[in-house]
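Peer 1: The structure under discussion is supplied below as structure tokens; questions concerning it will follow.
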Amino acid sequence: MIRRHTVRIIRKLLFFVLLLFLGVMFLSPLISTVLAGLRTDADLMRNGLFALPEPPYLGGFGKVWEEGDLGTYMRNSFIVTLVALIGTVICATLGAYALSQYTFRFKNVVFLVFMMGLFFPPQVYIVPVYFLANTLRIYNTYYGLMAVHIAYQLPFSMLMLRGFFRTIPTSFIDAARIDGASDLHILWRIILPLSLPVLGSLSILLFTWIWNDFFWALSMSHTKDTQTIMIGISAFRGRLAYNWNSEAASSLISMFPPLVIFFLFQKLFIKGIRSGGIK
Amino acid sequence: MNYRKVGMKRALVPWLFLLLPLIIYLTIIAYPLVASIVLSFTEWSGMGKPPRYTGLQNYAFLFSSGSILTAIKNNLIWMALCVPFPAIIGFSLAYILRNNSRMNIFFRSLFYIPMVISNAVMAIMWLHVYAPKHGLIAAILDILALPQFSKSFLTDPNSAIIAISIIGIWHGIGFPLILYLAAIQDIPQDLIETADLDGASTWCKIVNIIIPFVRHATVVVVALGTILAMKVFDLVYLMTGGYYKNDVMGTYLWRLAFEHYQMGRASAVAVIQFLLVSAIVIPYLKWQYRTGEIEQ
């Protein structure tokens with residue numbers, strides 16, 4: 001009996017070690033970035049990545065913050081991401097409400113038109129979007145970036161919310177309607193309170209995607225006062241001089257907000273991905 | 001009261017709710033999509049003179065220069081690597097980590113992490129994985145005493161797109177892992193127990209019960225992976241130094257438009273990309289309708 005028990009524990013332990021090894025291998029690009037962020041370039045060059053750390057060097061973070069003006073980029077990222085996120089959630093809620101609770105002519109056409117946006121790569125329409133933004137004088141402004149993010153994230157968000165809104169029992173809504181509630185009242189007082197968890201999942205996904213966006217920032221902005229952090233950190237990349245420490249430190253700064261949100265709300269994040277089965 | 005008037009009013013309500021999202025979406029996505037198609041038959045530098053109609057010349061150029069074929073080939077290489085491998089690895093991990101023990105939940109989140117890392121950061125991380133002298137791979141080859149295999153993976157056009165696809169695999173594991181996990185956990189327990197009673201081996205159970213049971217997740221993973229393969233842009237743009245042989249359709253289009261100011265040719269690439277995506281999406285949507293995933 002006892003022997004079988006020990007065998008089981010040993011098997012479990014071996015399994016754990018194996019998985020841990022795999023996990024460390026898997027995350028090695030991230031781990032090496034963290035290590036590089038804690039070592040000076042000279043130290044990295046001389047001793048390599050895996051040398052035993054002397055007292056970790058934290059100056060890199062301050063240095064890139066100053067040199068790369070990361071404060072400005074981070075501010076831009078926060079403004080663009082938060083406003084675009086709120087805008088997307090509002091628009092998607094309105095649209096999903098119409099598409100889930102009403103029957104009207106061309107409903108399926110409208111739905112399919114939105115679905116198209118889900119699938120086509122943004123490069124397919126970037127050229128006209130660029131000239132449109134120039135014409136509307138929103139190229140290289142916060143407004144331009146926010147607008148493209150809202151439009152780009154709308155299809156997925158609407159699909160996800162529509163899917164949830166349809167599961168709300170119609171008896172709730174009919175009862176309210178008989179009581180004389182207006183359409184807006186039904187959305188605000190009945191549907192939204194029931195949808196808070198879904199809206200939470202959606203917001204977390206949207207925050208991650210908009211924050212991490214590179215393509216739209218690259219195409220829709222070209223000066224420091226509008227560019228986001230993802231453009232800011234790319235400025236450190238590809239210089240001829242060896243500056244792994246700066247690249248790593250700035251990368252770590254840029255990924256901090258989505259990573260924190262992910263760890264705080266992991267369950268909502270996963271739920272969101274799951275319900276977005278058709279993405 | 002006039003009933004017909006009330007009816008008209010009611011019919012307007014959904015359109016009022018749709019007004020804002022439709023305006024934004026139609027202006028920023030639908031209209032430019034159509035405009036791209038029109039522009040693809042013109043010659044235009046983006047400045048000065050308005051677009052001039054040139055018929056199919058842009059398409060003729062693209063196919064005669066062959067660079068569009070190189071780009072499509074690179075998209076296909078990405079697809080061949082980044083669709084099956086994340087699916088297989090994600091499925092295996094989901095099977096191994098299927099029980100909700102504390103340890104499994106911890107390990108799952110390790111594999112989710114790349115999902116929240118941006119392409120810009122991944123580009124930096126992986127440049128140092130692939131860097132010829134100090135990179136992670138070079139260091140490992142050094143430890144294994146095989147330094148002769150270390151090379152510049154990203155500048156060699158034969159390996160660049162493969163090296164970048166590996167990043168795509170790394171990034172892409174989380175999604176199938178989440179979907180397969182949900183699917184595997186939905187399998188009725190008595191089905192597995194019956195198989196156990198019949199003395200079925202683990203392998204037999206995987207092949208005969210689990211894989212058929214999660215086929216719905218497989219379709220979604222494969223279809224979305226294929227569609228995403230058409231969207232590749234950031235990593236290729238950031239990690240290759242603007243060399244035509246490494247371009248995918250997205251970066252090729254971007255460079256034609258914003259580095260060479262050939263909006264017509266760029267739009268022709270867009271139309272080709274549009275057609276290729278449609279060829280994948282239409283059957284997928286049909287399947288979604290058929291299985292009731294999208295209801296009318």
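Chain identifiers are assigned as A, B, and so on, following the order in which chains appear in the structure tokens; residues are numbered from 1 within each chain, and ligands are numbered from 1 in order of appearance.
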Would you return as a PyMOL selection string the members of stretch 12-255 of chain A that DSSP assigns to helix (DSSP H, G or I) on this structure's backbone?
Peer 2: chain A and resi 12-26+28-37+41-47+59-67+70-101+107-119+123-135+142-165+170-178+183-212+215-220+229-234+244-255
Peer 1: I want to know what sits within 9 Å of B:Leu97, based on only C-alpha atoms, with residues of the same chain fewer than 6 positions away left out; could you give that as JSON, numbers by chain?
Peer 2: {"B": [103, 104, 105, 107, 108, 181]}
Peer 1: Next, dump the selected residues to file, keeping only C-alpha atoms, as a PDB file, in the first residue's frame.
Peer 2:
```
ATOM      1  CA  MET B 103      -1.195  22.911 -10.467  1.00  0.00           C
ATOM      2  CA  ASN B 104      -2.963  22.584 -13.815  1.00  0.00           C
ATOM      3  CA  ILE B 105      -4.567  25.994 -13.517  1.00  0.00           C
ATOM      4  CA  PHE B 107       0.429  25.805 -15.827  1.00  0.00           C
ATOM      5  CA  ARG B 108      -2.442  26.790 -18.095  1.00  0.00           C
ATOM      6  CA  LEU B 181     -10.162  22.751 -22.692  1.00  0.00           C
TER       7      LEU B 181
END
```
Peer 1: What parts of stretch 17-229 of chain B does DSSP call strand (DSSP E or B)? I'd like the answer as JSON, numbers by chain.
Peer 2: {"B": [42, 43, 52, 53]}
Peer 1: Please list as a PDB file with C-alpha atoms, in the first residue's frame every residue within 12 Å of B:Phe213, counting only C-alpha atoms and excluding residues in the same chain fewer than 6 positions away.
Peer 2:
```pdb
ATOM      1  CA  TYR B 180     -10.173  22.585 -26.450  1.00  0.00           C
ATOM      2  CA  LEU B 181     -10.162  22.751 -22.692  1.00  0.00           C
ATOM      3  CA  ALA B 182     -13.797  23.829 -22.683  1.00  0.00           C
ATOM      4  CA  ALA B 183     -14.658  21.126 -25.215  1.00  0.00           C
ATOM      5  CA  ILE B 184     -12.831  18.346 -23.374  1.00  0.00           C
ATOM      6  CA  GLN B 185     -14.374  19.303 -20.069  1.00  0.00           C
ATOM      7  CA  ASP B 186     -17.802  19.084 -21.704  1.00  0.00           C
ATOM      8  CA  ILE B 187     -17.377  15.421 -22.604  1.00  0.00           C
ATOM      9  CA  PRO B 188     -19.796  13.386 -20.481  1.00  0.00           C
ATOM     10  CA  LEU B 191     -18.598   7.982 -21.794  1.00  0.00           C
ATOM     11  CA  ILE B 192     -14.988   7.881 -20.641  1.00  0.00           C
ATOM     12  CA  LYS B 205      -9.855   6.998 -25.982  1.00  0.00           C
ATOM     13  CA  ILE B 206      -8.225  10.078 -27.471  1.00  0.00           C
ATOM     14  CA  VAL B 207      -8.710   8.954 -31.047  1.00  0.00           C
ATOM     15  CA  VAL B 219     -13.268  23.715 -37.087  1.00  0.00           C
TER      16      VAL B 219
END
```
Peer 1: Provide as a list in words the residues of chain A at most 6 Å from chain B, counting only C-alpha atoms.
Peer 2: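 In the required form, that comes to Pro29, Cys91, Leu94, Gly95, Ala98, Pro121, Gln123, Val124, Tyr125, Pro128, Val129, Ala151, Asn212, Met230 and Ser251 of chain A.
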Peer 1: Skipping near chain neighbours, those fewer than 3 positions away, what residues fall within 7 Å of A:Arg162 using only C-alpha atoms, listed as number ranges by chain?
Peer 2: A: 96-97, 99-100, 158-159, 165-166
Peer 1: Using only C-alpha atoms, which protein or nucleic acid residues come within 7 Å of stretch 30-45 of chain A? Drop anything in the same chain fewer than 5 positions from it, and give the result as a ChimeraX atom specification.
Peer 2: /A:56-58,60,243-245,248-249 /B:125
Peer 1: Neighbours of A:Leu205 within 7 Å (only C-alpha atoms; same-chain residues fewer than 4 positions away dropped), as a PyMOL selection string?
Peer 2: chain A and resi 201+209+269+272
Peer 1: Taking 3 positions as the minimum chain separation for residues in the same chain, which residues sit within 6 Å of stretch 148-150 of chain A when counting only C-alpha atoms? Answer as a ChimeraX atom specification.
Peer 2: /A:84,88,145,153-154
Peer 1: Keeping only C-alpha atoms, write those residues as a JSON list (two decimals), in the first residue's frame.
Peer 2:
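Written output follows (selection_18.json):
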```
[["chain", "number", "residue", "atom", "x", "y", "z"],
["A", 84, "ALA", "CA", -11.84, 53.80, -27.87],
["A", 88, "THR", "CA", -16.70, 50.55, -28.79],
["A", 145, "LEU", "CA", -6.88, 56.61, -33.83],
["A", 153, "GLN", "CA", -13.39, 46.37, -32.95],
["A", 154, "LEU", "CA", -17.13, 46.83, -33.56]]
```
Peer 1: From the set B:Phe41, B:Phe63, B:Tyr243, B:Tyr53, which residue has the shortest atom-to-atom contact distance to B:Pro157, counting only C-alpha atoms?
Peer 2: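 Using only C-alpha atoms, B:Pro157 sits closest to B:Tyr243.
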Peer 1: Suppose you want the space between atom CA of A:Thr135 and atom CA of B:Lys49; what is it in Å?
Peer 2: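 So the two atoms, atom CA of A:Thr135 and atom CA of B:Lys49, lie 15.5 Å apart.
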Peer 1: So how many Å separate atom CA of B:Leu154 and atom CA of B:Val236, to one decimal?
Peer 2: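 Rounded to one decimal, the two atoms are 10.0 Å apart.
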